[in-house]
file model_30.cif (mmCIF, C-alpha atoms)
data_run
loop_
_atom_site.group_PDB
_atom_site.id
_atom_site.type_symbol
_atom_site.label_atom_id
_atom_site.label_comp_id
_atom_site.auth_asym_id
_atom_site.auth_seq_id
_atom_site.Cartn_x
_atom_site.Cartn_y
_atom_site.Cartn_z
ATOM 1 C CA ARG T 61 -110.831 31.501 -78.611
ATOM 2 C CA GLU T 62 -111.036 34.298 -81.175
ATOM 3 C CA ASN T 63 -111.162 31.798 -84.045
ATOM 4 C CA ALA T 64 -113.915 29.819 -82.317
ATOM 5 C CA LEU T 65 -115.972 32.979 -81.825
ATOM 6 C CA ARG T 66 -115.369 34.100 -85.405
ATOM 7 C CA LEU T 67 -116.525 30.700 -86.687
ATOM 8 C CA GLY T 68 -119.644 30.706 -84.514
ATOM 9 C CA LEU T 69 -118.344 27.900 -82.289
ATOM 10 C CA GLY T 70 -117.803 29.917 -79.116
ATOM 11 C CA ALA T 71 -120.711 28.291 -77.281
ATOM 12 C CA ARG T 72 -119.424 24.790 -78.137
ATOM 13 C CA ALA T 73 -115.768 25.300 -77.222
ATOM 14 C CA ALA T 74 -113.901 25.638 -73.943
ATOM 15 C CA PHE T 75 -110.392 27.019 -73.541
ATOM 16 C CA LEU T 76 -108.267 26.282 -70.510
ATOM 17 C CA VAL T 77 -104.763 27.271 -69.537
ATOM 18 C CA GLY T 78 -102.733 24.875 -67.448
ATOM 19 C CA ASP T 79 -99.629 22.807 -67.065
ATOM 20 C CA TRP T 80 -100.350 19.956 -69.450
ATOM 21 C CA ALA T 81 -103.460 18.164 -68.249
ATOM 22 C CA GLY T 82 -103.615 19.842 -64.829
ATOM 23 C CA ALA T 83 -106.548 22.071 -65.830
ATOM 24 C CA LEU T 84 -108.545 19.205 -67.363
ATOM 25 C CA ARG T 85 -111.173 17.016 -65.747
ATOM 26 C CA GLY T 86 -112.172 13.783 -67.406
ATOM 27 C CA PRO T 87 -113.280 11.400 -68.333
ATOM 28 C CA PHE T 88 -112.764 11.737 -72.067
ATOM 29 C CA ASP T 89 -113.376 9.099 -74.720
ATOM 30 C CA LEU T 90 -110.558 10.499 -76.840
ATOM 31 C CA VAL T 91 -107.395 12.418 -75.988
ATOM 32 C CA LEU T 92 -105.301 13.808 -78.848
ATOM 33 C CA SER T 93 -101.923 15.421 -78.377
ATOM 34 C CA ASN T 94 -99.311 17.012 -80.597
ATOM 35 C CA PRO T 95 -96.745 17.693 -77.877
ATOM 36 C CA PRO T 96 -93.352 19.305 -78.289
ATOM 37 C CA TYR T 97 -91.000 16.434 -79.132
ATOM 38 C CA ILE T 98 -87.812 17.926 -80.534
ATOM 39 C CA PRO T 99 -84.781 17.318 -78.308
ATOM 40 C CA THR T 100 -83.354 20.581 -76.967
ATOM 41 C CA GLY T 101 -80.011 19.897 -78.654
ATOM 42 C CA ASP T 102 -81.705 19.727 -82.058
ATOM 43 C CA MET T 103 -83.549 23.039 -81.760
ATOM 44 C CA ALA T 104 -80.761 25.184 -83.253
ATOM 45 C CA GLY T 105 -80.636 22.975 -86.354
ATOM 46 C CA LEU T 106 -84.320 23.318 -87.204
ATOM 47 C CA ASP T 107 -85.272 24.898 -90.474
ATOM 48 C CA ARG T 108 -85.549 28.667 -90.033
ATOM 49 C CA ASP T 109 -89.189 28.638 -91.157
ATOM 50 C CA VAL T 110 -90.045 26.198 -88.359
ATOM 51 C CA ARG T 111 -88.113 28.148 -85.708
ATOM 52 C CA ALA T 112 -89.671 31.447 -86.814
ATOM 53 C CA HIS T 113 -93.236 30.116 -87.035
ATOM 54 C CA ASP T 114 -93.755 28.035 -83.910
ATOM 55 C CA PRO T 115 -93.171 29.192 -80.336
ATOM 56 C CA HIS T 116 -90.117 27.612 -78.684
ATOM 57 C CA ALA T 117 -92.332 25.919 -76.064
ATOM 58 C CA ALA T 118 -94.353 24.229 -78.827
ATOM 59 C CA LEU T 119 -91.232 22.547 -80.191
ATOM 60 C CA ASP T 120 -88.738 21.879 -77.371
ATOM 61 C CA GLY T 121 -89.396 18.464 -75.835
ATOM 62 C CA GLY T 122 -86.532 18.573 -73.339
ATOM 63 C CA THR T 123 -83.174 16.865 -73.377
ATOM 64 C CA ASP T 124 -84.422 13.635 -74.976
ATOM 65 C CA GLY T 125 -87.579 15.065 -76.556
ATOM 66 C CA LEU T 126 -89.814 13.004 -74.264
ATOM 67 C CA ASP T 127 -90.621 15.411 -71.399
ATOM 68 C CA ALA T 128 -94.143 16.131 -72.656
ATOM 69 C CA TYR T 129 -94.948 12.441 -73.115
ATOM 70 C CA ARG T 130 -93.974 11.704 -69.520
ATOM 71 C CA ALA T 131 -96.226 14.530 -68.274
ATOM 72 C CA ILE T 132 -99.154 13.498 -70.453
ATOM 73 C CA LEU T 133 -98.895 9.817 -69.548
ATOM 74 C CA ALA T 134 -98.768 10.668 -65.840
ATOM 75 C CA ASP T 135 -102.262 12.214 -66.104
ATOM 76 C CA LEU T 136 -103.766 10.058 -68.825
ATOM 77 C CA GLY T 137 -105.114 7.410 -66.452
ATOM 78 C CA ARG T 138 -107.423 9.878 -64.747
ATOM 79 C CA LEU T 139 -108.438 11.543 -68.014
ATOM 80 C CA LEU T 140 -109.442 8.549 -70.150
ATOM 81 C CA ALA T 141 -112.891 7.041 -69.767
ATOM 82 C CA PRO T 142 -113.111 3.236 -69.674
ATOM 83 C CA GLY T 143 -112.480 2.087 -73.231
ATOM 84 C CA GLY T 144 -111.053 5.508 -74.108
ATOM 85 C CA VAL T 145 -108.225 6.051 -76.548
ATOM 86 C CA ALA T 146 -105.290 8.445 -76.660
ATOM 87 C CA VAL T 147 -103.448 9.370 -79.849
ATOM 88 C CA LEU T 148 -100.033 10.988 -79.519
ATOM 89 C CA GLU T 149 -98.071 12.552 -82.350
ATOM 90 C CA LEU T 150 -94.476 11.297 -82.403
ATOM 91 C CA GLY T 151 -91.183 12.817 -83.378
ATOM 92 C CA ILE T 152 -88.800 11.022 -85.702
ATOM 93 C CA GLY T 153 -87.500 7.809 -84.139
ATOM 94 C CA GLN T 154 -89.564 8.082 -80.942
ATOM 95 C CA GLU T 155 -92.055 5.246 -81.391
ATOM 96 C CA ALA T 156 -90.198 2.631 -79.321
ATOM 97 C CA GLU T 157 -89.357 4.965 -76.440
ATOM 98 C CA VAL T 158 -92.856 6.453 -76.218
ATOM 99 C CA THR T 159 -94.390 2.955 -76.419
ATOM 100 C CA GLU T 160 -92.129 1.796 -73.551
ATOM 101 C CA THR T 161 -92.902 4.903 -71.495
ATOM 102 C CA ALA T 162 -96.619 4.353 -72.084
ATOM 103 C CA ALA T 163 -96.363 0.686 -71.048
ATOM 104 C CA ALA T 164 -94.645 1.702 -67.804
ATOM 105 C CA ALA T 165 -97.610 4.036 -67.148
ATOM 106 C CA GLY T 166 -100.151 1.247 -67.789
ATOM 107 C CA PHE T 167 -100.983 1.896 -71.455
ATOM 108 C CA ALA T 168 -100.525 -0.293 -74.505
ATOM 109 C CA ALA T 169 -100.234 0.637 -78.144
ATOM 110 C CA THR T 170 -103.102 -0.734 -80.215
ATOM 111 C CA GLY T 171 -100.595 -1.539 -82.954
ATOM 112 C CA PRO T 172 -97.687 0.091 -84.706
ATOM 113 C CA ALA T 173 -97.822 3.864 -85.072
ATOM 114 C CA ARG T 174 -99.465 5.233 -88.200
ATOM 115 C CA ARG T 175 -96.904 6.594 -90.640
ATOM 116 C CA ASP T 176 -96.926 9.961 -92.361
ATOM 117 C CA LEU T 177 -96.456 10.412 -96.111
ATOM 118 C CA GLY T 178 -92.675 10.318 -95.630
ATOM 119 C CA GLY T 179 -92.893 6.922 -93.906
ATOM 120 C CA VAL T 180 -92.154 8.307 -90.419
ATOM 121 C CA ALA T 181 -94.008 6.671 -87.500
ATOM 122 C CA ARG T 182 -96.137 9.649 -86.498
ATOM 123 C CA ALA T 183 -99.349 8.775 -84.590
ATOM 124 C CA LEU T 184 -99.366 6.274 -81.723
ATOM 125 C CA THR T 185 -102.735 5.058 -80.423
ATOM 126 C CA LEU T 186 -102.924 3.937 -76.786
ATOM 127 C CA ARG T 187 -105.446 2.241 -74.502
ATOM 128 C CA HIS T 188 -105.342 1.164 -70.858
ATOM 129 C CA GLY T 189 -103.642 -2.194 -70.255
ATOM 130 C CA SER T 190 -102.849 -4.884 -72.799
ATOM 131 C CA PRO T 191 -103.034 -4.341 -76.578
ATOM 132 C CA ALA T 192 -106.518 -4.823 -78.037
#

call {"tool": "encode", "arguments": {"input": "model_30.cif", "output": "structure tokens"}}
result
Amino acid sequence: RENALRLGLGARAAFLVGDWAGALRGPFDLVLSNPPYIPTGDMAGLDRDVRAHDPHAALDGGTDGLDAYRAILADLGRLLAPGGVAVLELGIGQEAEVTETAAAAGFAATGPARRDLGGVARALTLRHGSPA
């Protein structure tokens, strides 16, 4: 909020606090999420700079790293407008599991996840129903 005010964007921005999407009301044409996706068991092995910079809640994705995806996908149907798109950032090796979880919730990947510069599948795009 402070950054938005400082940049002169305060009148164009809204800030909500809630449990995942609980505070949001759709529909939205686009939903972007960079959820916590690191499995709890991997947290201690993170680089010190990562652990010291980001809050624990921004990193810890639960036992399998997928807790946030399950919560987001549970609300995504009511948040996306018809024809809307969701883009989820992925952790290393999570593309297949997140794609399967999304399919079970009624969403299909529009194709393979986009890869980052290191070749890691990093951004998965979803729509309602069958792949476009």

call {"tool": "residues_around", "arguments": {"input": "model_30.cif", "residues": "Asp135 of chain T", "least_positions_apart": "5", "cutoff": "10 Å", "atoms": "only C-alpha atoms", "output": "JSON, numbers by chain"}}
result
{"T": [80, 81, 82, 84, 130, 140, 165]}

call {"tool": "atom_distance", "arguments": {"input": "model_30.cif", "atom1": "atom CA of Gly121 of chain T", "atom2": "atom CA of Gly144 of chain T"}}
result
25.3 Å

call {"tool": "residues_around", "arguments": {"input": "model_30.cif", "residues": "Leu119 of chain T", "least_positions_apart": "3", "cutoff": "8 Å", "atoms": "all atoms listed in the file", "output": "MDAnalysis selection string"}}
result
chainID T and resid 95:98 103 114:116

call {"tool": "closest_residue", "arguments": {"input": "model_30.cif", "among": "T:Gly137, T:Leu148, T:Arg174, T:His113", "to": "His188 of chain T", "atoms": "all atoms listed in the file"}}
result
T:Gly137

call {"tool": "atom_distance", "arguments": {"input": "model_30.cif", "atom1": "atom CA of Ala141 of chain T", "atom2": "atom CA of Ser93 of chain T"}}
result
16.3 Å

call {"tool": "resolve_selection", "arguments": {"input": "model_30.cif", "expression": "the PyMOL selection byres ((chain T and resi 126) around 9)", "output": "VMD selection string"}}
result
chain T and resid 96 to 99 121 to 125 127 to 131 154 157 to 158

call {"tool": "residues_near_point", "arguments": {"input": "model_30.cif", "point": "(-88.0, 9.5, -90.7)", "cutoff": "8 Å", "atoms": "all atoms listed in the file", "output": "VMD selection string"}}
result
chain T and resid 152 to 153 178 to 181

call {"tool": "atom_distance", "arguments": {"input": "model_30.cif", "atom1": "atom CA of Leu139 of chain T", "atom2": "atom CA of Phe167 of chain T"}}
result
12.7 Å

call {"tool": "axis_aligned_box", "arguments": {"input": "model_30.cif", "around": "segment 63-71 of chain T", "padding_each_side": "6 Å", "output": "lines of an AutoDock Vina configuration file"}}
result
center_x = -115.9
center_y = 31.0
center_z = -82.0
size_x = 21.5
size_y = 18.2
size_z = 21.4

call {"tool": "resolve_selection", "arguments": {"input": "model_30.cif", "expression": "the PyMOL selection byres ((chain T and resi 147) around 6)", "output": "list in words"}}
result
Leu92, Ala146, Leu148, Leu184 and Thr185 of chain T

call {"tool": "closest_residue", "arguments": {"input": "model_30.cif", "among": "T:Val145, T:Thr100, T:Pro172, T:Ala74", "to": "Ala118 of chain T", "atoms": "only C-alpha atoms"}}
result
T:Thr100

call {"tool": "closest_residue", "arguments": {"input": "model_30.cif", "among": "T:Arg61, T:Phe88, T:Ala173, T:Arg108", "to": "Phe75 of chain T", "atoms": "all atoms listed in the file"}}
result
T:Arg61

call {"tool": "closest_residue", "arguments": {"input": "model_30.cif", "among": "T:Leu186, T:Leu133, T:Leu76, T:Leu150", "to": "Ala164 of chain T", "atoms": "all atoms listed in the file"}}
result
T:Leu133

call {"tool": "closest_residue", "arguments": {"input": "model_30.cif", "among": "T:Val110, T:Ala73, T:Ile132, T:Leu90", "to": "Arg187 of chain T", "atoms": "all atoms listed in the file"}}
result
T:Leu90

call {"tool": "closest_residue", "arguments": {"input": "model_30.cif", "among": "T:Ala112, T:Ala156, T:Leu136, T:Ala71", "to": "Val91 of chain T", "atoms": "all atoms listed in the file"}}
result
T:Leu136

call {"tool": "build_atoms", "arguments": {"input": "model_30.cif", "residues": "segment 168-179 of chain T", "atoms": "all heavy atoms", "output": "PDB file, in the frame of the given file"}}
result
ATOM      1  N   ALA T 168    -101.073   0.531 -73.434  1.00  0.00           N
ATOM      2  CA  ALA T 168    -100.525  -0.293 -74.505  1.00  0.00           C
ATOM      3  C   ALA T 168    -100.898   0.301 -75.852  1.00  0.00           C
ATOM      4  O   ALA T 168    -102.001   0.815 -76.037  1.00  0.00           O
ATOM      5  CB  ALA T 168    -101.079  -1.715 -74.406  1.00  0.00           C
ATOM      6  N   ALA T 169     -99.961   0.215 -76.771  1.00  0.00           N
ATOM      7  CA  ALA T 169    -100.234   0.637 -78.144  1.00  0.00           C
ATOM      8  C   ALA T 169    -101.196  -0.359 -78.768  1.00  0.00           C
ATOM      9  O   ALA T 169    -101.101  -1.562 -78.533  1.00  0.00           O
ATOM     10  CB  ALA T 169     -98.944   0.708 -78.940  1.00  0.00           C
ATOM     11  N   THR T 170    -102.133   0.145 -79.561  1.00  0.00           N
ATOM     12  CA  THR T 170    -103.102  -0.734 -80.215  1.00  0.00           C
ATOM     13  C   THR T 170    -102.509  -1.404 -81.446  1.00  0.00           C
ATOM     14  O   THR T 170    -103.140  -2.254 -82.051  1.00  0.00           O
ATOM     15  CB  THR T 170    -104.372   0.032 -80.610  1.00  0.00           C
ATOM     16  OG1 THR T 170    -104.015   1.057 -81.542  1.00  0.00           O
ATOM     17  CG2 THR T 170    -105.052   0.635 -79.391  1.00  0.00           C
ATOM     18  N   GLY T 171    -101.304  -1.008 -81.797  1.00  0.00           N
ATOM     19  CA  GLY T 171    -100.595  -1.539 -82.954  1.00  0.00           C
ATOM     20  C   GLY T 171     -99.442  -0.612 -83.259  1.00  0.00           C
ATOM     21  O   GLY T 171     -99.168   0.312 -82.498  1.00  0.00           O
ATOM     22  N   PRO T 172     -98.766  -0.831 -84.358  1.00  0.00           N
ATOM     23  CA  PRO T 172     -97.687   0.091 -84.706  1.00  0.00           C
ATOM     24  C   PRO T 172     -98.238   1.485 -84.981  1.00  0.00           C
ATOM     25  O   PRO T 172     -99.413   1.638 -85.340  1.00  0.00           O
ATOM     26  CB  PRO T 172     -97.076  -0.508 -85.970  1.00  0.00           C
ATOM     27  CG  PRO T 172     -97.959  -1.614 -86.404  1.00  0.00           C
ATOM     28  CD  PRO T 172     -98.951  -1.889 -85.325  1.00  0.00           C
ATOM     29  N   ALA T 173     -97.411   2.482 -84.803  1.00  0.00           N
ATOM     30  CA  ALA T 173     -97.822   3.864 -85.072  1.00  0.00           C
ATOM     31  C   ALA T 173     -98.161   4.029 -86.548  1.00  0.00           C
ATOM     32  O   ALA T 173     -97.556   3.396 -87.419  1.00  0.00           O
ATOM     33  CB  ALA T 173     -96.712   4.831 -84.675  1.00  0.00           C
ATOM     34  N   ARG T 174     -99.132   4.883 -86.814  1.00  0.00           N
ATOM     35  CA  ARG T 174     -99.465   5.233 -88.200  1.00  0.00           C
ATOM     36  C   ARG T 174     -98.330   6.073 -88.761  1.00  0.00           C
ATOM     37  O   ARG T 174     -97.777   6.911 -88.062  1.00  0.00           O
ATOM     38  CB  ARG T 174    -100.771   6.023 -88.262  1.00  0.00           C
ATOM     39  CG  ARG T 174    -101.946   5.289 -87.664  1.00  0.00           C
ATOM     40  CD  ARG T 174    -102.896   4.690 -88.574  1.00  0.00           C
ATOM     41  NE  ARG T 174    -103.056   5.348 -89.834  1.00  0.00           N
ATOM     42  CZ  ARG T 174    -104.139   5.259 -90.555  1.00  0.00           C
ATOM     43  NH1 ARG T 174    -105.158   4.587 -90.087  1.00  0.00           N
ATOM     44  NH2 ARG T 174    -104.230   5.828 -91.725  1.00  0.00           N
ATOM     45  N   ARG T 175     -98.017   5.887 -90.005  1.00  0.00           N
ATOM     46  CA  ARG T 175     -96.904   6.594 -90.640  1.00  0.00           C
ATOM     47  C   ARG T 175     -97.415   7.776 -91.453  1.00  0.00           C
ATOM     48  O   ARG T 175     -98.511   7.731 -92.000  1.00  0.00           O
ATOM     49  CB  ARG T 175     -96.117   5.633 -91.514  1.00  0.00           C
ATOM     50  CG  ARG T 175     -95.513   4.522 -90.668  1.00  0.00           C
ATOM     51  CD  ARG T 175     -94.547   3.639 -91.413  1.00  0.00           C
ATOM     52  NE  ARG T 175     -93.949   2.697 -90.495  1.00  0.00           N
ATOM     53  CZ  ARG T 175     -92.917   2.953 -89.693  1.00  0.00           C
ATOM     54  NH1 ARG T 175     -92.347   4.140 -89.725  1.00  0.00           N
ATOM     55  NH2 ARG T 175     -92.440   2.046 -88.876  1.00  0.00           N
ATOM     56  N   ASP T 176     -96.570   8.817 -91.528  1.00  0.00           N
ATOM     57  CA  ASP T 176     -96.926   9.961 -92.361  1.00  0.00           C
ATOM     58  C   ASP T 176     -96.537   9.668 -93.809  1.00  0.00           C
ATOM     59  O   ASP T 176     -96.059   8.566 -94.133  1.00  0.00           O
ATOM     60  CB  ASP T 176     -96.303  11.257 -91.820  1.00  0.00           C
ATOM     61  CG  ASP T 176     -94.785  11.280 -91.873  1.00  0.00           C
ATOM     62  OD1 ASP T 176     -94.160  10.447 -92.579  1.00  0.00           O
ATOM     63  OD2 ASP T 176     -94.197  12.156 -91.215  1.00  0.00           O
ATOM     64  N   LEU T 177     -96.736  10.633 -94.693  1.00  0.00           N
ATOM     65  CA  LEU T 177     -96.456  10.412 -96.111  1.00  0.00           C
ATOM     66  C   LEU T 177     -94.976  10.148 -96.398  1.00  0.00           C
ATOM     67  O   LEU T 177     -94.640   9.562 -97.418  1.00  0.00           O
ATOM     68  CB  LEU T 177     -96.948  11.603 -96.935  1.00  0.00           C
ATOM     69  CG  LEU T 177     -98.467  11.797 -96.926  1.00  0.00           C
ATOM     70  CD1 LEU T 177     -98.842  13.065 -97.693  1.00  0.00           C
ATOM     71  CD2 LEU T 177     -99.182  10.586 -97.488  1.00  0.00           C
ATOM     72  N   GLY T 178     -94.105  10.576 -95.483  1.00  0.00           N
ATOM     73  CA  GLY T 178     -92.675  10.318 -95.630  1.00  0.00           C
ATOM     74  C   GLY T 178     -92.245   8.992 -95.030  1.00  0.00           C
ATOM     75  O   GLY T 178     -91.071   8.654 -95.030  1.00  0.00           O
ATOM     76  N   GLY T 179     -93.200   8.225 -94.486  1.00  0.00           N
ATOM     77  CA  GLY T 179     -92.893   6.922 -93.906  1.00  0.00           C
ATOM     78  C   GLY T 179     -92.475   6.981 -92.447  1.00  0.00           C
ATOM     79  O   GLY T 179     -92.106   5.966 -91.858  1.00  0.00           O
TER      80      GLY T 179
END
